[in-house]
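**Q** Contents of entry.cif (mmCIF, C-alpha atoms) are below:
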```cif
data_my_file
loop_
_atom_site.label_atom_id
_atom_site.label_comp_id
_atom_site.auth_asym_id
_atom_site.auth_seq_id
_atom_site.Cartn_x
_atom_site.Cartn_y
_atom_site.Cartn_z
CA MET E 108 -17.85 15.47 -11.07
CA SER E 109 -16.85 14.20 -14.50
CA GLU E 110 -16.34 16.47 -17.48
CA PRO E 111 -18.90 15.87 -20.26
CA HIS E 112 -16.27 14.33 -22.57
CA ARG E 113 -14.99 11.92 -19.90
CA THR E 114 -16.98 8.72 -20.33
CA SER E 115 -17.19 5.65 -18.14
CA ARG E 116 -14.71 4.01 -20.50
CA TRP E 117 -12.19 6.72 -19.70
CA THR E 118 -12.73 6.14 -15.98
CA GLN E 119 -12.21 2.42 -16.50
CA ALA E 120 -9.02 3.09 -18.43
CA LEU E 121 -7.81 5.39 -15.63
CA CYS E 122 -8.47 2.64 -13.10
CA GLY E 123 -6.40 0.28 -15.23
CA VAL E 124 -3.45 2.68 -15.47
CA LEU E 125 -3.49 3.38 -11.72
CA PHE E 126 -3.79 -0.34 -11.02
CA LEU E 127 -0.69 -0.97 -13.15
CA ALA E 128 1.24 1.78 -11.36
CA THR E 129 0.66 0.10 -8.01
CA PHE E 130 1.51 -3.24 -9.63
CA LEU E 131 4.90 -1.82 -10.67
CA VAL E 132 5.55 -0.42 -7.18
CA TYR E 133 5.16 -3.86 -5.67
CA ALA E 134 6.87 -5.76 -8.49
CA HIS E 135 10.14 -4.05 -7.55
CA ARG E 136 9.62 -4.92 -3.88
CA ILE E 137 8.56 -8.52 -4.35
CA VAL E 138 11.63 -9.68 -6.22
CA GLY E 139 13.64 -8.71 -3.15
CA VAL E 140 11.27 -10.27 -0.63
CA GLN E 141 10.68 -13.59 -2.45
CA ASN E 142 14.41 -13.99 -3.04
CA SER E 143 15.40 -13.06 0.53
CA VAL E 144 17.30 -16.28 1.13
CA GLU E 145 19.18 -16.03 -2.19
CA ILE E 146 20.02 -12.36 -1.63
CA LYS E 147 21.36 -13.14 1.85
CA GLN E 148 23.50 -15.88 0.34
CA HIS E 149 24.71 -13.67 -2.51
CA PHE E 150 25.92 -10.90 -0.19
CA GLY E 151 27.04 -13.27 2.57
CA THR E 152 24.71 -11.74 5.16
CA ASP E 153 21.98 -12.87 7.59
CA ASP E 154 18.55 -11.75 8.84
CA ALA E 155 20.04 -8.60 10.33
CA GLY E 156 21.60 -7.62 6.97
CA TYR E 157 18.36 -8.40 5.12
CA GLY E 158 16.44 -6.37 7.71
CA ARG E 159 18.86 -3.45 7.21
CA ALA E 160 18.16 -3.36 3.47
CA GLU E 161 14.40 -3.31 4.12
CA ALA E 162 14.89 -0.67 6.83
CA TRP E 163 16.70 1.68 4.46
CA PHE E 164 14.05 1.10 1.83
CA GLY E 165 11.60 2.30 4.49
CA TYR E 166 13.68 5.36 5.36
CA GLY E 167 13.86 6.24 1.67
CA PHE E 168 10.10 5.88 1.39
CA ALA E 169 9.68 8.14 4.43
CA ALA E 170 11.84 10.88 2.95
CA GLY E 171 10.16 10.53 -0.43
CA GLY E 172 6.70 10.80 1.10
CA LEU E 173 7.60 14.18 2.55
CA VAL E 174 9.38 15.50 -0.54
CA PHE E 175 6.95 14.28 -3.16
CA GLY E 176 3.92 15.07 -1.00
CA ILE E 177 4.93 18.72 -1.27
CA LEU E 178 5.85 18.48 -4.96
CA ALA E 179 2.57 16.79 -5.87
CA ASP E 180 0.72 19.87 -4.55
CA LEU E 181 3.06 22.30 -6.33
CA LEU E 182 3.64 20.60 -9.69
CA SER E 183 1.32 18.98 -12.20
CA ILE E 184 1.04 15.27 -11.44
CA ARG E 185 0.43 14.71 -15.15
CA TRP E 186 4.21 15.16 -15.60
CA LEU E 187 5.52 14.35 -12.12
CA PHE E 188 3.96 10.88 -11.96
CA PRO E 189 5.55 9.38 -15.13
CA LEU E 190 8.89 11.02 -14.32
CA VAL E 191 9.22 9.33 -10.92
CA VAL E 192 8.09 5.98 -12.35
CA LEU E 193 10.94 6.20 -14.87
CA VAL E 194 13.47 7.11 -12.18
CA TRP E 195 12.47 4.32 -9.79
CA SER E 196 12.72 1.86 -12.69
CA ILE E 197 16.33 2.95 -13.16
CA THR E 198 17.07 2.42 -9.45
CA GLY E 199 15.65 -1.10 -9.68
CA TRP E 200 17.99 -1.89 -12.56
CA GLU E 201 20.98 -0.51 -10.67
CA ALA E 202 20.14 -2.61 -7.58
CA SER E 203 20.60 -5.72 -9.72
CA LEU E 204 24.19 -4.64 -10.41
CA ALA E 205 25.14 -4.12 -6.76
CA GLY E 206 28.40 -5.83 -5.85
CA THR E 207 28.19 -5.43 -2.08
CA LEU E 208 25.48 -5.35 0.55
CA ASP E 209 26.11 -1.63 1.15
CA GLU E 210 25.56 -0.87 -2.55
CA TYR E 211 22.37 -2.93 -2.53
CA VAL E 212 21.14 -1.10 0.59
CA GLY E 213 21.86 2.24 -1.10
CA TRP E 214 19.84 1.38 -4.20
CA ARG E 215 16.97 0.06 -2.06
CA PHE E 216 16.96 3.44 -0.29
CA ALA E 217 16.76 5.19 -3.67
CA LEU E 218 13.96 2.87 -4.77
CA GLY E 219 11.93 3.72 -1.67
CA LEU E 220 12.63 7.45 -2.12
CA PHE E 221 11.12 7.64 -5.60
CA GLN E 222 8.40 5.03 -5.15
CA ALA E 223 6.99 7.17 -2.35
CA ALA E 224 5.79 9.62 -5.01
CA HIS E 225 3.28 7.04 -6.22
CA TRP E 226 0.76 7.60 -3.44
CA PRO E 227 0.57 11.43 -3.40
CA CYS E 228 0.16 11.40 -7.17
CA ALA E 229 -2.32 8.50 -7.33
CA LEU E 230 -4.47 9.72 -4.44
CA ARG E 231 -4.73 13.22 -5.90
CA MET E 232 -6.04 11.54 -9.05
CA THR E 233 -8.66 9.29 -7.40
CA GLN E 234 -9.70 12.20 -5.17
CA ARG E 235 -10.65 14.13 -8.30
CA ALA E 236 -11.89 11.33 -10.52
CA PHE E 237 -14.45 9.79 -8.10
CA PRO E 238 -17.34 11.24 -6.08
CA PRO E 239 -17.29 10.36 -2.36
CA HIS E 240 -19.62 7.34 -2.52
CA GLN E 241 -17.43 5.73 -5.21
CA ARG E 242 -14.05 6.91 -3.95
CA THR E 243 -13.33 3.87 -1.77
CA TRP E 244 -14.13 1.71 -4.79
CA GLY E 245 -11.64 3.68 -6.91
CA ASN E 246 -9.05 3.46 -4.15
CA GLY E 247 -9.69 -0.26 -3.88
CA ILE E 248 -8.88 -0.78 -7.56
CA LEU E 249 -5.76 1.36 -7.14
CA GLN E 250 -4.61 -0.64 -4.10
CA SER E 251 -5.49 -4.02 -5.60
CA GLY E 252 -2.48 -3.68 -7.89
CA ALA E 253 -0.33 -4.43 -4.83
CA ALA E 254 -2.00 -7.79 -4.28
CA ALA E 255 -2.15 -8.63 -7.99
CA ALA E 256 1.62 -8.15 -8.22
CA GLN E 257 2.11 -10.50 -5.30
CA VAL E 258 -0.15 -13.10 -6.92
CA ILE E 259 1.59 -13.01 -10.29
CA LEU E 260 5.23 -12.28 -9.43
CA PRO E 261 5.93 -15.46 -7.40
CA GLN E 262 4.77 -17.53 -10.39
CA ILE E 263 7.06 -15.58 -12.72
CA LEU E 264 9.89 -16.09 -10.24
CA LEU E 265 9.23 -19.84 -10.23
CA TRP E 266 9.43 -19.85 -14.02
CA GLU E 267 12.68 -17.89 -13.90
CA ASP E 268 14.09 -20.34 -11.32
CA GLN E 269 13.25 -23.23 -13.64
CA ARG E 270 15.19 -21.68 -16.52
CA GLY E 271 18.14 -20.84 -14.25
CA ALA E 272 17.74 -17.05 -14.12
CA GLY E 273 18.96 -15.32 -10.97
CA TRP E 274 17.20 -12.71 -8.86
CA GLN E 275 19.06 -9.97 -10.75
CA SER E 276 17.18 -10.71 -13.98
CA SER E 277 13.86 -10.13 -12.20
CA PHE E 278 14.97 -6.68 -11.07
CA ARG E 279 15.91 -5.80 -14.67
CA LEU E 280 12.70 -7.17 -16.16
CA TRP E 281 10.43 -4.84 -14.19
CA ALA E 282 12.77 -1.90 -14.66
CA LEU E 283 11.94 -2.04 -18.39
CA VAL E 284 8.19 -1.51 -17.88
CA GLY E 285 8.38 2.03 -16.47
CA LEU E 286 8.72 3.84 -19.81
CA PRO E 287 5.68 2.32 -21.58
CA TRP E 288 3.59 2.95 -18.44
CA GLY E 289 4.55 6.63 -18.50
CA LEU E 290 3.58 6.94 -22.17
CA ALA E 291 0.18 5.34 -21.46
CA TRP E 292 -0.43 7.79 -18.59
CA LEU E 293 0.41 10.83 -20.72
CA ALA E 294 -1.84 9.59 -23.52
CA LEU E 295 -4.81 9.13 -21.16
CA VAL E 296 -4.65 11.99 -18.66
CA ARG E 297 -5.06 15.66 -19.53
CA GLU E 298 -4.11 18.66 -17.45
CA SER E 299 -7.78 19.43 -16.84
CA ASP E 300 -8.23 15.96 -15.31
CA VAL E 301 -5.72 16.61 -12.54
CA ARG E 302 -7.17 20.04 -11.72
CA ARG E 303 -10.79 19.12 -11.10
CA PRO E 304 -12.51 20.37 -7.92
CA VAL E 305 -12.72 17.92 -5.00
CA LEU E 306 -16.04 16.91 -3.44
CA GLN E 307 -16.31 16.25 0.28
CA THR E 308 -18.33 13.43 1.83
CA ASP E 309 -21.72 14.25 3.31
CA GLU E 310 -21.27 12.69 6.75
CA GLN E 311 -24.92 12.99 7.78
CA GLY E 312 -27.13 12.44 4.75
CA ALA E 313 -28.45 9.05 3.67
CA GLY E 314 -26.82 7.23 0.80
CA ALA E 315 -24.49 9.38 -1.27
CA GLY E 316 -25.95 12.47 0.41
CA GLN E 317 -25.23 15.92 -1.01
CA PRO E 318 -21.45 16.20 -1.36
CA ARG E 319 -20.10 19.70 -1.93
CA GLU E 320 -16.78 21.20 -2.87
CA ILE E 321 -14.26 20.78 -0.08
CA ARG E 322 -13.73 23.75 2.25
CA GLU E 323 -10.02 24.53 2.31
CA ILE E 324 -7.98 25.75 5.26
CA PRO E 325 -4.32 26.86 5.30
CA TRP E 326 -2.19 23.74 4.85
CA TYR E 327 -0.26 24.23 8.10
CA GLN E 328 -3.50 24.17 10.09
CA ILE E 329 -4.24 20.65 8.86
CA PHE E 330 -1.70 19.23 11.33
CA THR E 331 -3.63 20.74 14.23
CA LEU E 332 -6.81 18.89 13.32
CA ARG E 333 -7.92 15.95 15.47
CA ARG E 334 -8.67 14.05 12.28
CA TRP E 335 -5.06 14.27 11.07
CA TRP E 336 -3.87 12.67 14.31
CA LEU E 337 -6.53 9.98 14.01
CA LEU E 338 -5.28 9.30 10.49
CA LEU E 339 -1.76 8.88 11.88
CA ILE E 340 -3.04 6.22 14.30
CA THR E 341 -4.92 4.59 11.43
CA VAL E 342 -2.11 4.54 8.88
CA VAL E 343 0.25 2.97 11.41
CA GLY E 344 -2.40 0.53 12.60
CA ILE E 345 -3.16 -0.88 9.16
CA ASN E 346 0.31 -0.75 7.60
CA VAL E 347 2.38 -2.37 10.34
CA PRO E 348 0.67 -5.77 9.94
CA TRP E 349 0.60 -5.48 6.14
CA HIS E 350 4.31 -4.72 5.82
CA ALA E 351 5.41 -7.09 8.57
CA LEU E 352 3.73 -9.90 6.66
CA ARG E 353 4.89 -8.64 3.26
CA VAL E 354 8.54 -8.68 4.28
CA TRP E 355 8.70 -11.55 6.77
CA MET E 356 5.96 -14.04 5.91
CA PRO E 357 7.83 -15.81 3.04
CA ASP E 358 11.03 -15.91 5.08
CA THR E 359 9.13 -17.18 8.16
CA LEU E 360 7.39 -19.96 6.23
CA ARG E 361 10.75 -21.13 4.87
CA THR E 362 13.06 -20.73 7.87
CA PHE E 363 10.68 -21.10 10.85
CA TYR E 364 8.06 -23.58 9.57
CA GLY E 365 10.32 -25.43 7.13
CA TYR E 366 8.32 -25.08 3.89
CA ASP E 367 10.37 -25.21 0.69
CA LYS E 368 10.69 -22.30 -1.75
CA THR E 369 8.29 -23.73 -4.34
CA PHE E 370 5.54 -24.19 -1.77
CA VAL E 371 6.10 -20.72 -0.32
CA ASP E 372 6.02 -19.06 -3.76
CA ASN E 373 2.74 -20.84 -4.57
CA PHE E 374 1.21 -20.08 -1.18
CA THR E 375 2.26 -16.45 -1.48
CA SER E 376 0.30 -16.19 -4.72
CA ILE E 377 -2.79 -17.63 -3.03
CA TYR E 378 -2.32 -15.36 0.01
CA TYR E 379 -2.24 -12.24 -2.15
CA LEU E 380 -5.13 -13.45 -4.26
CA PHE E 381 -7.16 -13.25 -1.05
CA ALA E 382 -5.66 -9.79 -0.39
CA PHE E 383 -6.63 -8.75 -3.94
CA VAL E 384 -10.22 -9.81 -3.30
CA GLY E 385 -10.15 -7.94 0.03
CA SER E 386 -9.05 -4.68 -1.58
CA LEU E 387 -11.80 -4.80 -4.20
CA ALA E 388 -14.40 -6.08 -1.74
CA ALA E 389 -13.85 -3.19 0.68
CA GLY E 390 -14.53 -0.64 -2.06
CA TRP E 391 -17.44 -2.57 -3.54
CA LEU E 392 -19.08 -3.17 -0.16
CA THR E 393 -18.82 0.50 0.83
CA ALA E 394 -20.43 1.59 -2.46
CA TRP E 395 -23.08 -1.15 -2.15
CA LEU E 396 -24.06 -0.02 1.36
CA ALA E 397 -24.27 3.61 0.18
CA GLY E 398 -26.51 2.45 -2.65
CA ARG E 399 -28.78 0.80 -0.06
CA GLY E 400 -29.20 4.06 1.84
CA TRP E 401 -26.31 3.85 4.30
CA ASN E 402 -24.52 7.10 4.98
CA VAL E 403 -21.14 6.90 3.18
CA HIS E 404 -19.11 7.73 6.29
CA ARG E 405 -20.90 5.11 8.42
CA ALA E 406 -20.53 2.54 5.66
CA ARG E 407 -16.76 3.10 5.65
CA LEU E 408 -16.58 2.64 9.42
CA ALA E 409 -18.64 -0.56 9.32
CA VAL E 410 -16.52 -2.10 6.57
CA PHE E 411 -13.34 -1.05 8.37
CA GLY E 412 -14.47 -2.89 11.52
CA LEU E 413 -15.27 -6.02 9.52
CA PHE E 414 -11.86 -6.15 7.86
CA ALA E 415 -10.03 -5.35 11.10
CA ALA E 416 -11.73 -8.43 12.59
CA CYS E 417 -10.31 -10.53 9.73
CA VAL E 418 -6.76 -9.39 10.55
CA LEU E 419 -7.36 -10.29 14.20
CA LEU E 420 -7.42 -13.96 13.18
CA LEU E 421 -3.64 -13.79 12.97
CA VAL E 422 -3.55 -13.92 16.78
CA PRO E 423 -4.79 -17.54 17.20
CA ALA E 424 -2.86 -18.55 14.06
CA GLN E 425 0.46 -17.92 15.77
CA TRP E 426 -0.12 -20.69 18.29
CA LEU E 427 -0.82 -23.32 15.66
CA SER E 428 1.80 -25.69 14.34
CA ARG E 429 2.62 -26.10 10.67
CA GLY E 430 -0.45 -27.16 8.71
CA TRP E 431 -3.56 -26.04 6.86
CA ALA E 432 -5.23 -24.50 9.91
CA LEU E 433 -2.32 -22.06 10.23
CA LEU E 434 -2.34 -21.30 6.52
CA GLY E 435 -6.13 -20.98 6.37
CA LEU E 436 -6.28 -18.33 9.09
CA GLN E 437 -3.53 -16.42 7.34
CA LEU E 438 -5.60 -16.43 4.15
CA VAL E 439 -8.65 -14.96 5.91
CA ALA E 440 -6.41 -12.33 7.53
CA ALA E 441 -5.11 -11.48 4.04
CA LEU E 442 -8.61 -10.27 3.10
CA GLY E 443 -8.44 -7.73 5.88
CA THR E 444 -4.87 -6.51 5.58
CA LEU E 445 -5.32 -4.97 2.13
CA GLY E 446 -9.03 -4.23 2.41
CA LEU E 447 -8.26 -1.65 5.10
CA ALA E 448 -6.04 0.43 2.80
CA PRO E 449 -8.69 1.91 0.42
CA LEU E 450 -10.82 2.80 3.44
CA TYR E 451 -7.90 4.67 5.00
CA TYR E 452 -7.27 6.53 1.73
CA SER E 453 -10.89 7.65 1.62
CA PHE E 454 -10.66 9.09 5.13
CA ASN E 455 -7.33 10.65 4.17
CA GLN E 456 -8.91 12.43 1.19
CA GLU E 457 -11.46 14.23 3.36
CA LEU E 458 -9.06 16.77 4.89
CA SER E 459 -7.98 18.83 1.89
CA GLY E 460 -8.02 19.04 -1.88
CA LYS E 461 -5.26 21.54 -2.53
CA ALA E 462 -2.98 20.06 0.14
CA GLN E 463 -3.76 16.37 -0.43
CA GLY E 464 -0.11 15.67 -1.19
CA LYS E 465 1.02 17.23 2.10
CA VAL E 466 -1.62 15.32 4.07
CA GLY E 467 -0.67 11.97 2.58
CA GLY E 468 3.04 12.76 2.39
CA SER E 469 3.36 13.81 6.03
CA LEU E 470 1.53 10.69 7.20
CA SER E 471 3.64 8.54 4.88
CA PHE E 472 6.84 10.09 6.22
CA LEU E 473 6.00 9.27 9.83
CA LEU E 474 4.67 5.82 8.91
CA TRP E 475 7.79 4.79 7.01
CA MET E 476 10.14 6.06 9.67
CA ILE E 477 8.32 3.67 12.00
CA LEU E 478 8.32 0.85 9.43
CA GLY E 479 12.01 1.29 8.69
CA ALA E 480 12.90 0.98 12.36
CA MET E 481 10.46 -1.93 12.70
CA GLN E 482 12.02 -3.98 9.89
CA ALA E 483 15.53 -3.48 11.24
CA ASN E 484 14.47 -4.45 14.77
CA ILE E 485 12.52 -7.49 13.59
CA GLY E 486 15.62 -8.67 11.74
CA THR E 487 17.75 -8.30 14.87
CA VAL E 488 15.18 -9.94 17.17
CA VAL E 489 14.51 -13.00 15.01
CA LYS E 490 18.24 -13.47 14.46
CA THR E 491 18.75 -13.55 18.25
CA ASP E 492 15.71 -15.66 19.07
CA PRO E 493 13.58 -17.10 16.21
CA THR E 494 10.76 -18.01 18.62
CA TRP E 495 9.79 -14.31 18.71
CA ARG E 496 8.41 -14.47 15.16
CA PRO E 497 4.87 -15.64 16.10
CA VAL E 498 4.73 -13.18 19.02
CA ILE E 499 5.52 -10.30 16.70
CA PHE E 500 2.77 -11.29 14.25
CA ALA E 501 0.23 -11.68 17.06
CA VAL E 502 0.96 -8.20 18.42
CA VAL E 503 0.71 -6.42 15.06
CA ALA E 504 -2.63 -8.16 14.35
CA LEU E 505 -4.23 -6.12 17.17
CA LEU E 506 -3.38 -2.75 15.65
CA PRO E 507 -6.18 -2.45 13.00
CA LEU E 508 -8.81 -2.97 15.72
CA ILE E 509 -7.24 -0.17 17.76
CA ALA E 510 -7.30 2.09 14.69
CA TRP E 511 -10.97 1.29 14.07
CA GLY E 512 -11.83 2.18 17.67
CA ALA E 513 -10.01 5.50 17.33
CA LEU E 514 -11.96 6.37 14.17
CA VAL E 515 -15.32 5.41 15.64
CA LEU E 516 -14.77 7.38 18.85
CA GLY E 517 -12.85 10.36 17.55
CA TRP E 518 -13.73 11.19 13.93
CA GLY E 519 -17.07 12.88 14.63
CA THR E 520 -19.21 14.51 11.94
CA ARG E 521 -18.71 17.77 10.09
CA ARG E 522 -21.24 20.52 10.71
CA THR E 523 -23.66 21.07 7.85
CA PRO E 524 -23.85 24.78 6.89
#
```
For the structure just supplied, provide its representation as structure tokens.

**A**
Amino acid sequence: MSEPHRTSRWTQALCGVLFLATFLVYAHRIVGVQNSVEIKQHFGTDDAGYGRAEAWFGYGFAAGGLVFGILADLLSIRWLFPLVVLVWSITGWEASLAGTLDEYVGWRFALGLFQAAHWPCALRMTQRAFPPHQRTWGNGILQSGAAAAQVILPQILLWEDQRGAGWQSSFRLWALVGLPWGLAWLALVRESDVRRPVLQTDEQGAGAGQPREIREIPWYQIFTLRRWWLLLITVVGINVPWHALRVWMPDTLRTFYGYDKTFVDNFTSIYYLFAFVGSLAAGWLTAWLAGRGWNVHRARLAVFGLFAACVLLLVPAQWLSRGWALLGLQLVAALGTLGLAPLYYSFNQELSGKAQGKVGGSLSFLLWMILGAMQANIGTVVKTDPTWRPVIFAVVALLPLIAWGALVLGWGTRRTP
């Protein structure tokens, strides 16, 4: 799978660059989420206005998933990837200059539009850089950047609060990092790296099995496959709880449970430290089981079920009052929420090599249309009746288990020629 001149050190460096790309994606999001109360005060709005900004970020991400999913298949991601990182950095800077809520909403839409290119580009890279039995591990490192950002950023925000900096300075800080990241990517990745053949998982053999080059079909036929529809169920099932918590957990802890901002920022770092461990653990555990003779596909399903069970702990948590029992169950659920993502990506990468961008982009488009509507509706509902917050979290906690059941019952196994 690897070219002779591509050593393990190069693979480690690639993991680091991809990790940092995901870190940057979430850095731009977190400064808005952690400062939700201050942003509402700055623009003179309420939960509904805050929800509208997050909704339009989601709609932008939906449109970007479709557009950049196609472009990632047509253009070289060696050049496309750093270009979009630079552009989304500019949109983050401009959001800090917004004078009205409508301007802020517009720049959040633009941020979502260009950040959506991250996943088609990054998943095409891990699809080519890792063999099937290590792919979930590579995806786990990629995804762990999301949790790492949410561990580190709240602490940076606390430091900025202590020196009197506003939320605008945080937007500008992370906008400056896009250019050096792009230069590091171009220095590391060659054109031959992004054009490697893609190996498909052996769904019947023991251990790593005998993966072979993926059998391509016309891209438009992909959407008629049962597996694509199962992936749609899966991507919705794992992302709704993740993004509901990402956007509304800090606000809920402050406004519903009465914790102060310092406590919430510190707890958020701990929460996403658990999520960081979950993302890496899912990839490591899948590779470990394959190394012990488990079929790679069955190992992914088993780990998916385990992490879906962790998320399910959010259900009893919603009927607990403020205290460490509530917070403890949320921490265990954090392991599951992000650990499911690299498993989904690995299933996603089984459908096509040439059309990987269209597979991921089409699923991302539909997902983010749902998420955009969800964030707006959550904002309206909790503004009308705050007691609906725990009910909403309990319902979304059931979705990963439903997705796991769909994969177990419907995925099947590919015929061996």

**Q** Please write as a PDB file with C-alpha atoms, in the frame of the given file the full residue list that the PyMOL selection byres ((chain E and resi 510) around 10) yields on this file.

**A**
```pdb
ATOM      1  CA  LEU E 337      -6.530   9.980  14.010  1.00  0.00           C
ATOM      2  CA  LEU E 338      -5.280   9.300  10.490  1.00  0.00           C
ATOM      3  CA  LEU E 339      -1.760   8.880  11.880  1.00  0.00           C
ATOM      4  CA  ILE E 340      -3.040   6.220  14.300  1.00  0.00           C
ATOM      5  CA  THR E 341      -4.920   4.590  11.430  1.00  0.00           C
ATOM      6  CA  VAL E 342      -2.110   4.540   8.880  1.00  0.00           C
ATOM      7  CA  VAL E 343       0.250   2.970  11.410  1.00  0.00           C
ATOM      8  CA  GLY E 344      -2.400   0.530  12.600  1.00  0.00           C
ATOM      9  CA  ILE E 345      -3.160  -0.880   9.160  1.00  0.00           C
ATOM     10  CA  PHE E 411     -13.340  -1.050   8.370  1.00  0.00           C
ATOM     11  CA  GLY E 412     -14.470  -2.890  11.520  1.00  0.00           C
ATOM     12  CA  ALA E 415     -10.030  -5.350  11.100  1.00  0.00           C
ATOM     13  CA  LEU E 505      -4.230  -6.120  17.170  1.00  0.00           C
ATOM     14  CA  LEU E 506      -3.380  -2.750  15.650  1.00  0.00           C
ATOM     15  CA  PRO E 507      -6.180  -2.450  13.000  1.00  0.00           C
ATOM     16  CA  LEU E 508      -8.810  -2.970  15.720  1.00  0.00           C
ATOM     17  CA  ILE E 509      -7.240  -0.170  17.760  1.00  0.00           C
ATOM     18  CA  TRP E 511     -10.970   1.290  14.070  1.00  0.00           C
ATOM     19  CA  GLY E 512     -11.830   2.180  17.670  1.00  0.00           C
ATOM     20  CA  ALA E 513     -10.010   5.500  17.330  1.00  0.00           C
ATOM     21  CA  LEU E 514     -11.960   6.370  14.170  1.00  0.00           C
ATOM     22  CA  VAL E 515     -15.320   5.410  15.640  1.00  0.00           C
TER      23      VAL E 515
END
```

**Q** Which polymer residues, whether protein, DNA or RNA, lie within 9 Å of the coordinate (-2.3, -1.6, -7.6) when you count all atoms listed in the file? List them as a list in words, using the chain letters and numbers from the file.

**A**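 Collected hits near the coordinates: Gly123, Leu125, Phe126, Leu127, Ala128, Thr129, Phe130, Leu131, Val132, Tyr133, Gly247, Ile248, Leu249, Gln250, Ser251, Gly252, Ala253, Ala254, Ala255 and Ala256 of chain E.
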
**Q** Using only C-alpha atoms, which protein or nucleic acid residues come within 12 Å of E:His350? Drop anything in the same chain fewer than 2 positions from it, and give the result as a ChimeraX atom specification.

**A** /E:133,136-137,140,161-162,165,253,342-348,352-357,441,444-445,448,474-475,477-479,481-482,485,500,503-504

**Q** Work out how far atom CA of E:Gly245 is from atom CA of E:Leu193, in Å to one decimal.

**A**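 Atom-to-atom, atom CA of E:Leu193 to atom CA of E:Gly245, that is 24.1 Å.
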
**Q** Have a look at atom CA of E:Ser196 and atom CA of E:Arg303 and let me know their distance in Å, one decimal.

**A** 29.2 Å

**Q** Quick one: which residues end up in the PyMOL selection byres ((chain E and resi 215) around 9) for this structure, as number ranges by chain?

**A** E: 160-161, 163-165, 167, 198-199, 202, 210-214, 216-220

**Q** Excluding E:Leu438 and any residue of its chain fewer than 2 positions from it, enumerate the residues within 10 Å of it, using only C-alpha atoms, and give them as a list in words.

**A**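 My list of contacting residues is Phe374, Thr375, Ile377, Tyr378, Tyr379, Leu380, Phe381, Ala382, Cys417, Val418, Leu420, Leu421, Ala432, Leu433, Leu434, Gly435, Leu436, Ala440, Ala441, Leu442 and Gly443 of chain E.
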
**Q** Using all atoms listed in the file, find the one residue out of E:Val410, E:Val174, E:Ala294, E:Ile259 that sits nearest to E:Ala134.

**A**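 Nearest to E:Ala134: E:Ile259.
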
**Q** Could you please determine the separation between atom CA of E:Asp372 and atom CA of E:Gln141 in Å, to one decimal place?

**A**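 It comes out at 7.3 Å.
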
**Q** Taking all atoms listed in the file into account, name the residue in E:Trp495, E:Phe472, E:Phe150, E:Trp431 that is nearest to E:Phe168.

**A** E:Phe472

**Q** Expanded to explicit residues, what is the PyMOL selection byres ((chain E and resi 464) around 10) for this file, as a list in words?

**A**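 Those residues are Gly172, Leu173, Val174, Phe175, Gly176, Ile177, Leu178, Ala179, Asp180, Leu181, Ala224, Trp226, Pro227, Cys228, Ala229, Leu230, Arg231, Gln456, Ser459, Gly460, Lys461, Ala462, Gln463, Lys465, Val466, Gly467, Gly468, Ser469 and Leu470 of chain E.
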
**Q** Pick out the closest residue to E:Ser276 from this set: E:Asn246, E:Ser203, E:Gln328, E:Gln241. Count all atoms listed in the file.

**A**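 Result for the nearest residue to E:Ser276: E:Ser203.
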
**Q** Would you mind telling me which residue in E:Gly285, E:Pro449, E:Gly519, E:Pro238 lies nearest to E:Pro304 when using all atoms listed in the file?

**A** E:Pro238

**Q** Determine the nearest neighbour of E:Arg399 from the options E:Ala315, E:Met232, E:Trp292, E:Phe363, counting only C-alpha atoms.

**A** E:Ala315

**Q** Using all atoms listed in the file, can you tell me which of E:Leu458, E:Ala291, E:Ile263, E:Leu283 comes closest to E:Ile329?

**A**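 Among the listed residues, the smallest separation from E:Ile329 belongs to E:Leu458.
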
**Q** When you look at E:Ala388 with a cut-off of 9 Å (counting all atoms listed in the file), what residues show up, excluding the ones that are within fewer than 3 positions of it in the same chain? I need them as a list in words.

**A** Trp244, Gly247, Phe383, Val384, Gly385, Trp391, Leu392, Thr393, Leu442 and Gly446 of chain E

**Q** For E:Val191, work out the shell of residues within 8 Å, counting all atoms listed in the file and skipping chain neighbours fewer than 4 positions away, then give it as a PyMOL selection string.

**A** chain E and resi 187+195+221-222+224-225

**Q** Could you give me the centre and size, in Å to one decimal, of an axis-aligned box around all listed atoms of stretch 164-180 of chain E with 3 Å added on every side, as lines of an AutoDock Vina configuration file?

**A**
```
center_x = 7.4
center_y = 10.5
center_z = -0.3
size_x = 19.3
size_y = 24.8
size_z = 17.2
```
